[in-house]
Amino acid sequence: MLIDQSDLLRAFGVGCCITTELMVIEKGCLSQFDSYIKQLGINGPIMALYDTNTFCADNLVRPSAYQEIILAADGLQADEKAVGEVLNKLNPDVKVIVALGSGTIHDIARCCAYKRSLKLISCPTAASVDGFCSNVAAMTWNGSKKTLPAVAPTLVLADTSVIAAAPIRLAKSGIGDILGKYIALADWKIAHILIGEKYTERIAETMESVLKIINNYSREILIGNFDAYEKLIYGLLLSGLAMQVFGNSRPASGAEHHISHLIEMHPLPLGLSSTALHGEKVGVGTIIMSEAYHRFAEYKALDKIHYSFTPITKENVFSFFGNLTDGILEENKSDCLMLLNPSSIHDKWSDICQVIDTIPKPDVLQSFYESLGMKCSLQDIGVDENKKNQLVFLCPLVRNRLTLARIMKQIIVP
């Protein structure tokens with residue numbers, strides 16, 4: 001499957017700003033690396049970035065490169081430490097970074113390419129996340145989860161012989177990341193309804209098509225079907241392109257991601273910690289938020305609901321986030337809830353409930369996850385089930401973005 005820039009412009013709309021010029025999703029396409037970069041006129045010394053796992057990935061054809069940097073996989077995070085290590089080692093003559101790996105390597109590579117104004121080539125080695133084509137990087141920066149500006153790839157070479165050989169757990173993580181779009185799209189639409197936040201129907205339809213791909217092909221992935229892997233990685237790439245076109249992660253990230261990010265920040269007072277993959281945490285967060293949103297939509301005595309905006313205080317934040325408090329306060333200093341007219345919740349209640357109704361019920365999601373052998377509970381990802389309510393209540397503080405979870409945090413039900 002070859003998708004060039006003209007195909008992408010037809011999909012997202014002529015006039016869109018798309019950095020990615022070509023996506024190749026084929027068995028063995030990495031063996032033609034030199035041909036593709038010549039075709040696109042990509043010149044200059046190349047640095048190939050790996051971790052110690054992806055450097056040895058099955059079926060991987062490593063491109064010839066001016067420089068190779070191999071990061072230790074054990075404990076590797078997309079954070080200021082990893083970015084600093086790469087930038088310190090990066091040869092000043094390098095003009096192009098090639099990311100060979102999954103989500104963490106790509107976030108590090110995108111961030112470094114942005115900081116040094118370099119081109120980026122994406123070579124996913126697993127279908128584990130949806131950010132390969134994104135122009136933002138999800139980073140843990142000084143302990144806080146941040147979405148930083150980054151470079152989107154000019155070229156994507158997704159070799160399905162490598163991707164299909166990766167542990168099946170990684171593909172299940174990718175499925176979890178995509179299923180999170182049920183919540184992300186609902187949050188985005190509700191923000192549009194309530195505060196007029198920019199909403200692009202074409203991008204939303206693209207994300208809905210990605211969800212259909214997952215529903216149609218996920219079971220085939222479990223048996224190693226190459227066509228199914230092609231569809232999965234295509235869906236993940238489309239999701240990243242949606243972020244690239246829109247300019248931020250809004251079409252692909254809502255409260256379900258904020259739960260994942262909150263866990264990944266490991267706030268000490270909350271005792272949160274998990275070695276689960278990002279998509280696994282997002283998948284569990286999707287079920288949690290589905291349950292919370294549907295329960296909220298069932299509340300009938302709407303006239304008794306009282307919305308009361310209460311700004312967060314340093315003392316309150318510190319009790320939950322400890323040494324991460326300053327970062328949380330900085331993120332929320334211009335709280336997006338100040339844009340919300342409380343009466344609009346009542347005025348638009350029917351519309352809000354219609355949007356919530358597009359989210360599969362938690363039992364439906366859980367049944368689907370179980371049929372694929374995916375993680376579907378906090379216990380599955382090593383988090384105490386008793387933390388669920390705290391996660392729902394606190395996750396909005398991770399990102400100053402209007403979500404239904406953020407609104408619910410301020411709702412008082414007598």
# chains A, B, ... in the order shown; residues from 1 in each chain; ligands from 1
>>> select_by_dssp(residues="stretch 5-209 of chain A", states="helix (DSSP H, G or I)", output="PyMOL selection string")
chain A and resi 5-12+29-39+54-56+80-89+103-116+160-163+168-179+181-195+201-209
>>> residues_around(residues="stretch 10-21 of chain A", least_positions_apart="4", cutoff="7 Å", atoms="only C-alpha atoms", output="list in words")
Asp4, Gln5, Ser6, Ala152, Pro153, Thr154, Leu155, Arg202, Ile203, Gln244 and Val245 of chain A
>>> residues_around(residues="A:Lys212", least_positions_apart="4", cutoff="12 Å", atoms="only C-alpha atoms", output="PyMOL selection string")
chain A and resi 175+178-179+181-182+205-208+216-218+231-232+235
>>> write_last_selection(atoms="C-alpha atoms", output="mmCIF file, in the first residue's frame")
data_model
loop_
_atom_site.group_PDB
_atom_site.id
_atom_site.type_symbol
_atom_site.label_atom_id
_atom_site.label_comp_id
_atom_site.auth_asym_id
_atom_site.auth_seq_id
_atom_site.Cartn_x
_atom_site.Cartn_y
_atom_site.Cartn_z
ATOM 1 C CA ILE A 175 -5.782 -1.480 19.260
ATOM 2 C CA ILE A 178 -7.349 3.415 18.712
ATOM 3 C CA LEU A 179 -10.356 2.376 20.810
ATOM 4 C CA LYS A 181 -10.977 7.514 20.085
ATOM 5 C CA TYR A 182 -14.529 6.734 21.211
ATOM 6 C CA GLU A 205 -15.107 11.108 10.089
ATOM 7 C CA THR A 206 -11.558 9.930 9.409
ATOM 8 C CA MET A 207 -11.156 8.953 13.056
ATOM 9 C CA GLU A 208 -14.479 7.107 12.940
ATOM 10 C CA ASN A 216 -13.337 -5.222 11.262
ATOM 11 C CA TYR A 217 -9.771 -6.528 11.376
ATOM 12 C CA SER A 218 -8.646 -6.881 14.987
ATOM 13 C CA LYS A 231 -4.970 -2.237 7.985
ATOM 14 C CA LEU A 232 -4.004 -1.753 11.647
ATOM 15 C CA GLY A 235 -5.379 3.134 10.905
#
>>> residues_around(residues="A:Leu157", least_positions_apart="5", cutoff="10 Å", atoms="only C-alpha atoms", output="number ranges by chain")
A: 2, 22-33, 36, 100, 121-125
>>> closest_residue(among="A:Cys133, A:Asp58, A:Pro149, A:Gly143", to="A:Asp326", atoms="only C-alpha atoms")
A:Gly143
>>> atom_distance(atom1="atom CA of A:Met289", atom2="atom CA of A:Thr104")
24.9 Å
>>> residues_around(residues="A:Lys333", least_positions_apart="3", cutoff="9 Å", atoms="only C-alpha atoms", output="JSON, numbers by chain")
{"A": [312, 328, 329, 330, 400]}
>>> write_last_selection(atoms="C-alpha atoms", output="short mmCIF file (atom, residue, chain, number, x, y, z; two decimals), in the first residue's frame")
data_model
loop_
_atom_site.label_atom_id
_atom_site.label_comp_id
_atom_site.auth_asym_id
_atom_site.auth_seq_id
_atom_site.Cartn_x
_atom_site.Cartn_y
_atom_site.Cartn_z
CA ILE A 312 -7.69 24.71 41.91
CA ILE A 328 0.10 20.91 37.28
CA LEU A 329 -0.54 24.51 38.34
CA GLU A 330 1.29 25.83 35.29
CA ASN A 400 -5.92 21.89 30.21
#
>>> residues_around(residues="A:Gln410", least_positions_apart="5", cutoff="12 Å", atoms="only C-alpha atoms", output="ChimeraX atom specification")
/A:305-312,337-338,340,342,345,393-394,396,403-405
>>> write_last_selection(atoms="N, CA and C atoms", output="mmCIF file, in the first residue's frame")
data_model
loop_
_atom_site.group_PDB
_atom_site.id
_atom_site.type_symbol
_atom_site.label_atom_id
_atom_site.label_comp_id
_atom_site.auth_asym_id
_atom_site.auth_seq_id
_atom_site.Cartn_x
_atom_site.Cartn_y
_atom_site.Cartn_z
ATOM 1 N N ILE A 305 -28.950 19.528 39.196
ATOM 2 C CA ILE A 305 -27.492 19.529 39.011
ATOM 3 C C ILE A 305 -26.985 20.963 39.134
ATOM 4 N N HIS A 306 -25.979 21.146 39.929
ATOM 5 C CA HIS A 306 -25.411 22.474 40.115
ATOM 6 C C HIS A 306 -23.954 22.468 39.663
ATOM 7 N N TYR A 307 -23.668 23.342 38.695
ATOM 8 C CA TYR A 307 -22.292 23.473 38.220
ATOM 9 C C TYR A 307 -21.649 24.634 38.959
ATOM 10 N N SER A 308 -20.548 24.367 39.611
ATOM 11 C CA SER A 308 -19.868 25.411 40.373
ATOM 12 C C SER A 308 -18.377 25.351 40.080
ATOM 13 N N PHE A 309 -17.893 26.324 39.316
ATOM 14 C CA PHE A 309 -16.476 26.347 38.968
ATOM 15 C C PHE A 309 -15.654 26.799 40.169
ATOM 16 N N THR A 310 -14.744 25.948 40.580
ATOM 17 C CA THR A 310 -13.858 26.255 41.706
ATOM 18 C C THR A 310 -12.410 26.134 41.237
ATOM 19 N N PRO A 311 -11.694 27.245 41.179
ATOM 20 C CA PRO A 311 -10.283 27.176 40.753
ATOM 21 C C PRO A 311 -9.473 26.267 41.680
ATOM 22 N N ILE A 312 -8.524 25.583 41.092
ATOM 23 C CA ILE A 312 -7.692 24.706 41.907
ATOM 24 C C ILE A 312 -6.713 25.536 42.742
ATOM 25 N N LEU A 337 -12.172 25.808 31.692
ATOM 26 C CA LEU A 337 -13.540 25.837 32.218
ATOM 27 C C LEU A 337 -14.075 27.257 32.357
ATOM 28 N N MET A 338 -13.181 28.242 32.379
ATOM 29 C CA MET A 338 -13.632 29.627 32.466
ATOM 30 C C MET A 338 -14.365 30.057 31.202
ATOM 31 N N LEU A 340 -16.670 28.236 29.856
ATOM 32 C CA LEU A 340 -17.947 27.537 29.865
ATOM 33 C C LEU A 340 -19.014 28.326 30.616
ATOM 34 N N PRO A 342 -22.256 28.034 32.520
ATOM 35 C CA PRO A 342 -22.942 26.919 33.189
ATOM 36 C C PRO A 342 -24.319 26.604 32.621
ATOM 37 N N ILE A 345 -24.837 23.820 29.881
ATOM 38 C CA ILE A 345 -24.940 22.399 30.218
ATOM 39 C C ILE A 345 -26.408 21.976 30.208
ATOM 40 N N PHE A 393 -11.503 11.664 38.739
ATOM 41 C CA PHE A 393 -11.585 13.006 39.302
ATOM 42 C C PHE A 393 -10.353 13.851 38.978
ATOM 43 N N LEU A 394 -9.180 13.234 39.002
ATOM 44 C CA LEU A 394 -7.935 13.999 38.876
ATOM 45 C C LEU A 394 -7.358 14.052 37.469
ATOM 46 N N PRO A 396 -8.380 15.137 34.635
ATOM 47 C CA PRO A 396 -8.475 16.372 33.855
ATOM 48 C C PRO A 396 -7.360 17.378 34.132
ATOM 49 N N THR A 403 -12.904 18.500 28.565
ATOM 50 C CA THR A 403 -13.467 17.163 28.406
ATOM 51 C C THR A 403 -14.691 17.075 29.308
ATOM 52 N N LEU A 404 -15.523 16.085 29.058
ATOM 53 C CA LEU A 404 -16.663 15.891 29.936
ATOM 54 C C LEU A 404 -16.183 15.566 31.348
ATOM 55 N N ALA A 405 -15.075 14.860 31.463
ATOM 56 C CA ALA A 405 -14.519 14.557 32.787
ATOM 57 C C ALA A 405 -14.164 15.831 33.533
#
>>> residues_around(residues="A:Thr52", least_positions_apart="6", cutoff="12 Å", atoms="only C-alpha atoms", output="PyMOL selection string")
chain A and resi 68-76+100-101+105
>>> write_last_selection(atoms="C-alpha atoms", output="PDB file, in the first residue's frame")
ATOM      1  CA  GLU A  68      23.543   5.253  14.626  1.00  0.00           C
ATOM      2  CA  ILE A  69      22.371   5.988  18.166  1.00  0.00           C
ATOM      3  CA  ILE A  70      21.106   3.042  20.198  1.00  0.00           C
ATOM      4  CA  LEU A  71      19.373   3.817  23.475  1.00  0.00           C
ATOM      5  CA  ALA A  72      19.099   1.304  26.306  1.00  0.00           C
ATOM      6  CA  ALA A  73      15.552  -0.093  26.157  1.00  0.00           C
ATOM      7  CA  ASP A  74      15.368  -0.908  29.857  1.00  0.00           C
ATOM      8  CA  GLY A  75      13.516   1.930  31.569  1.00  0.00           C
ATOM      9  CA  LEU A  76      13.579   4.132  28.459  1.00  0.00           C
ATOM     10  CA  LEU A 100      13.202   2.837  13.974  1.00  0.00           C
ATOM     11  CA  GLY A 101      11.014   1.645  16.819  1.00  0.00           C
ATOM     12  CA  ILE A 105      11.579   6.099  20.045  1.00  0.00           C
TER      13      ILE A 105
END
>>> closest_residue(among="A:Asn323, A:Asn215, A:Ser209, A:Ser102", to="A:Leu170", atoms="only C-alpha atoms")
A:Ser102
>>> select_by_dssp(residues="stretch 154-383 of chain A", states="strand (DSSP E or B)", output="PyMOL selection string")
chain A and resi 155-159+306-307
>>> closest_residue(among="A:Tyr114, A:Phe368, A:Phe55, A:Phe132", to="A:Gly240", atoms="only C-alpha atoms")
A:Phe132
>>> atom_distance(atom1="atom CA of A:Tyr299", atom2="atom CA of A:Leu397")
24.2 Å
>>> closest_residue(among="A:Ala186, A:Ala204, A:Leu40, A:Val284", to="A:Glu385", atoms="only C-alpha atoms")
A:Val284
>>> closest_residue(among="A:Phe296, A:Phe318, A:Tyr66, A:Trp349", to="A:Ile411", atoms="only C-alpha atoms")
A:Phe296
>>> closest_residue(among="A:Leu8, A:Ile359, A:Cys376, A:Val83", to="A:Ser173", atoms="only C-alpha atoms")
A:Cys376
>>> decode(residues="stretch 220-264 of chain A", atoms="N, CA and C atoms", output="short mmCIF file (atom, residue, chain, number, x, y, z; two decimals), in the first residue's frame")
data_model
loop_
_atom_site.label_atom_id
_atom_site.label_comp_id
_atom_site.auth_asym_id
_atom_site.auth_seq_id
_atom_site.Cartn_x
_atom_site.Cartn_y
_atom_site.Cartn_z
N GLU A 220 -8.37 -10.75 13.07
CA GLU A 220 -7.43 -11.30 12.09
C GLU A 220 -5.99 -11.02 12.49
N ILE A 221 -5.79 -9.93 13.21
CA ILE A 221 -4.43 -9.59 13.66
C ILE A 221 -3.90 -10.67 14.60
N LEU A 222 -4.78 -11.22 15.42
CA LEU A 222 -4.37 -12.22 16.40
C LEU A 222 -3.79 -13.47 15.77
N ILE A 223 -4.18 -13.74 14.52
CA ILE A 223 -3.65 -14.93 13.84
C ILE A 223 -2.55 -14.58 12.86
N GLY A 224 -2.05 -13.34 12.94
CA GLY A 224 -0.90 -12.94 12.15
C GLY A 224 -1.18 -12.64 10.70
N ASN A 225 -2.42 -12.32 10.36
CA ASN A 225 -2.79 -12.01 8.98
C ASN A 225 -2.09 -10.72 8.53
N PHE A 226 -1.30 -10.81 7.47
CA PHE A 226 -0.53 -9.64 7.01
C PHE A 226 -1.44 -8.51 6.56
N ASP A 227 -2.55 -8.85 5.88
CA ASP A 227 -3.48 -7.81 5.43
C ASP A 227 -4.07 -7.07 6.62
N ALA A 228 -4.36 -7.81 7.70
CA ALA A 228 -4.92 -7.19 8.90
C ALA A 228 -3.89 -6.26 9.55
N TYR A 229 -2.63 -6.68 9.58
CA TYR A 229 -1.59 -5.80 10.13
C TYR A 229 -1.44 -4.55 9.27
N GLU A 230 -1.58 -4.72 7.97
CA GLU A 230 -1.52 -3.55 7.08
C GLU A 230 -2.63 -2.57 7.41
N LYS A 231 -3.83 -3.09 7.65
CA LYS A 231 -4.97 -2.24 7.99
C LYS A 231 -4.76 -1.57 9.34
N LEU A 232 -4.23 -2.32 10.32
CA LEU A 232 -4.00 -1.75 11.65
C LEU A 232 -3.00 -0.61 11.58
N ILE A 233 -1.87 -0.82 10.94
CA ILE A 233 -0.86 0.24 10.89
C ILE A 233 -1.37 1.41 10.07
N TYR A 234 -2.18 1.15 9.04
CA TYR A 234 -2.78 2.23 8.26
C TYR A 234 -3.70 3.06 9.15
N GLY A 235 -4.50 2.41 9.99
CA GLY A 235 -5.38 3.13 10.91
C GLY A 235 -4.60 3.98 11.90
N LEU A 236 -3.52 3.42 12.42
CA LEU A 236 -2.68 4.16 13.37
C LEU A 236 -2.03 5.37 12.70
N LEU A 237 -1.58 5.19 11.45
CA LEU A 237 -0.97 6.30 10.73
C LEU A 237 -2.00 7.39 10.42
N LEU A 238 -3.22 6.98 10.05
CA LEU A 238 -4.28 7.96 9.79
C LEU A 238 -4.57 8.80 11.02
N SER A 239 -4.57 8.16 12.18
CA SER A 239 -4.82 8.88 13.42
C SER A 239 -3.74 9.94 13.65
N GLY A 240 -2.49 9.56 13.42
CA GLY A 240 -1.41 10.54 13.55
C GLY A 240 -1.53 11.67 12.54
N LEU A 241 -1.96 11.33 11.33
CA LEU A 241 -2.15 12.36 10.30
C LEU A 241 -3.26 13.32 10.68
N ALA A 242 -4.31 12.80 11.33
CA ALA A 242 -5.39 13.67 11.78
C ALA A 242 -4.85 14.71 12.75
N MET A 243 -3.96 14.30 13.64
CA MET A 243 -3.34 15.25 14.57
C MET A 243 -2.46 16.25 13.80
N GLN A 244 -1.74 15.74 12.81
CA GLN A 244 -0.88 16.61 12.01
C GLN A 244 -1.69 17.67 11.29
N VAL A 245 -2.81 17.26 10.68
CA VAL A 245 -3.65 18.19 9.92
C VAL A 245 -4.32 19.20 10.85
N PHE A 246 -4.83 18.71 11.99
CA PHE A 246 -5.55 19.61 12.90
C PHE A 246 -4.59 20.54 13.65
N GLY A 247 -3.36 20.08 13.85
CA GLY A 247 -2.37 20.92 14.51
C GLY A 247 -2.10 20.57 15.95
N ASN A 248 -2.90 19.68 16.53
CA ASN A 248 -2.65 19.19 17.87
C ASN A 248 -3.35 17.84 18.05
N SER A 249 -3.30 17.30 19.25
CA SER A 249 -3.78 15.93 19.48
C SER A 249 -5.28 15.84 19.77
N ARG A 250 -6.00 16.94 19.68
CA ARG A 250 -7.42 16.95 20.05
C ARG A 250 -8.24 15.83 19.40
N PRO A 251 -8.09 15.54 18.09
CA PRO A 251 -8.93 14.52 17.49
C PRO A 251 -8.68 13.11 18.03
N ALA A 252 -7.57 12.91 18.71
CA ALA A 252 -7.17 11.55 19.08
C ALA A 252 -6.94 11.35 20.57
N SER A 253 -7.16 12.38 21.37
CA SER A 253 -6.79 12.28 22.78
C SER A 253 -7.79 13.04 23.64
N GLY A 254 -8.44 12.31 24.56
CA GLY A 254 -9.37 12.93 25.50
C GLY A 254 -9.11 12.42 26.90
N ALA A 255 -10.15 12.29 27.67
CA ALA A 255 -10.01 11.90 29.07
C ALA A 255 -9.39 10.53 29.24
N GLU A 256 -9.59 9.64 28.26
CA GLU A 256 -8.99 8.29 28.35
C GLU A 256 -7.46 8.37 28.31
N HIS A 257 -6.93 9.30 27.52
CA HIS A 257 -5.49 9.51 27.49
C HIS A 257 -5.01 10.19 28.76
N HIS A 258 -5.83 11.06 29.30
CA HIS A 258 -5.43 11.77 30.52
C HIS A 258 -5.29 10.80 31.69
N ILE A 259 -6.11 9.75 31.69
CA ILE A 259 -5.93 8.71 32.71
C ILE A 259 -4.60 8.02 32.53
N SER A 260 -4.28 7.68 31.28
CA SER A 260 -2.98 7.04 31.00
C SER A 260 -1.83 7.96 31.42
N HIS A 261 -1.93 9.24 31.06
CA HIS A 261 -0.86 10.19 31.39
C HIS A 261 -0.71 10.37 32.90
N LEU A 262 -1.83 10.39 33.61
CA LEU A 262 -1.77 10.53 35.06
C LEU A 262 -1.02 9.36 35.68
N ILE A 263 -1.31 8.16 35.21
CA ILE A 263 -0.60 6.98 35.73
C ILE A 263 0.88 7.06 35.38
N GLU A 264 1.18 7.50 34.16
CA GLU A 264 2.57 7.57 33.69
C GLU A 264 3.40 8.61 34.44
#
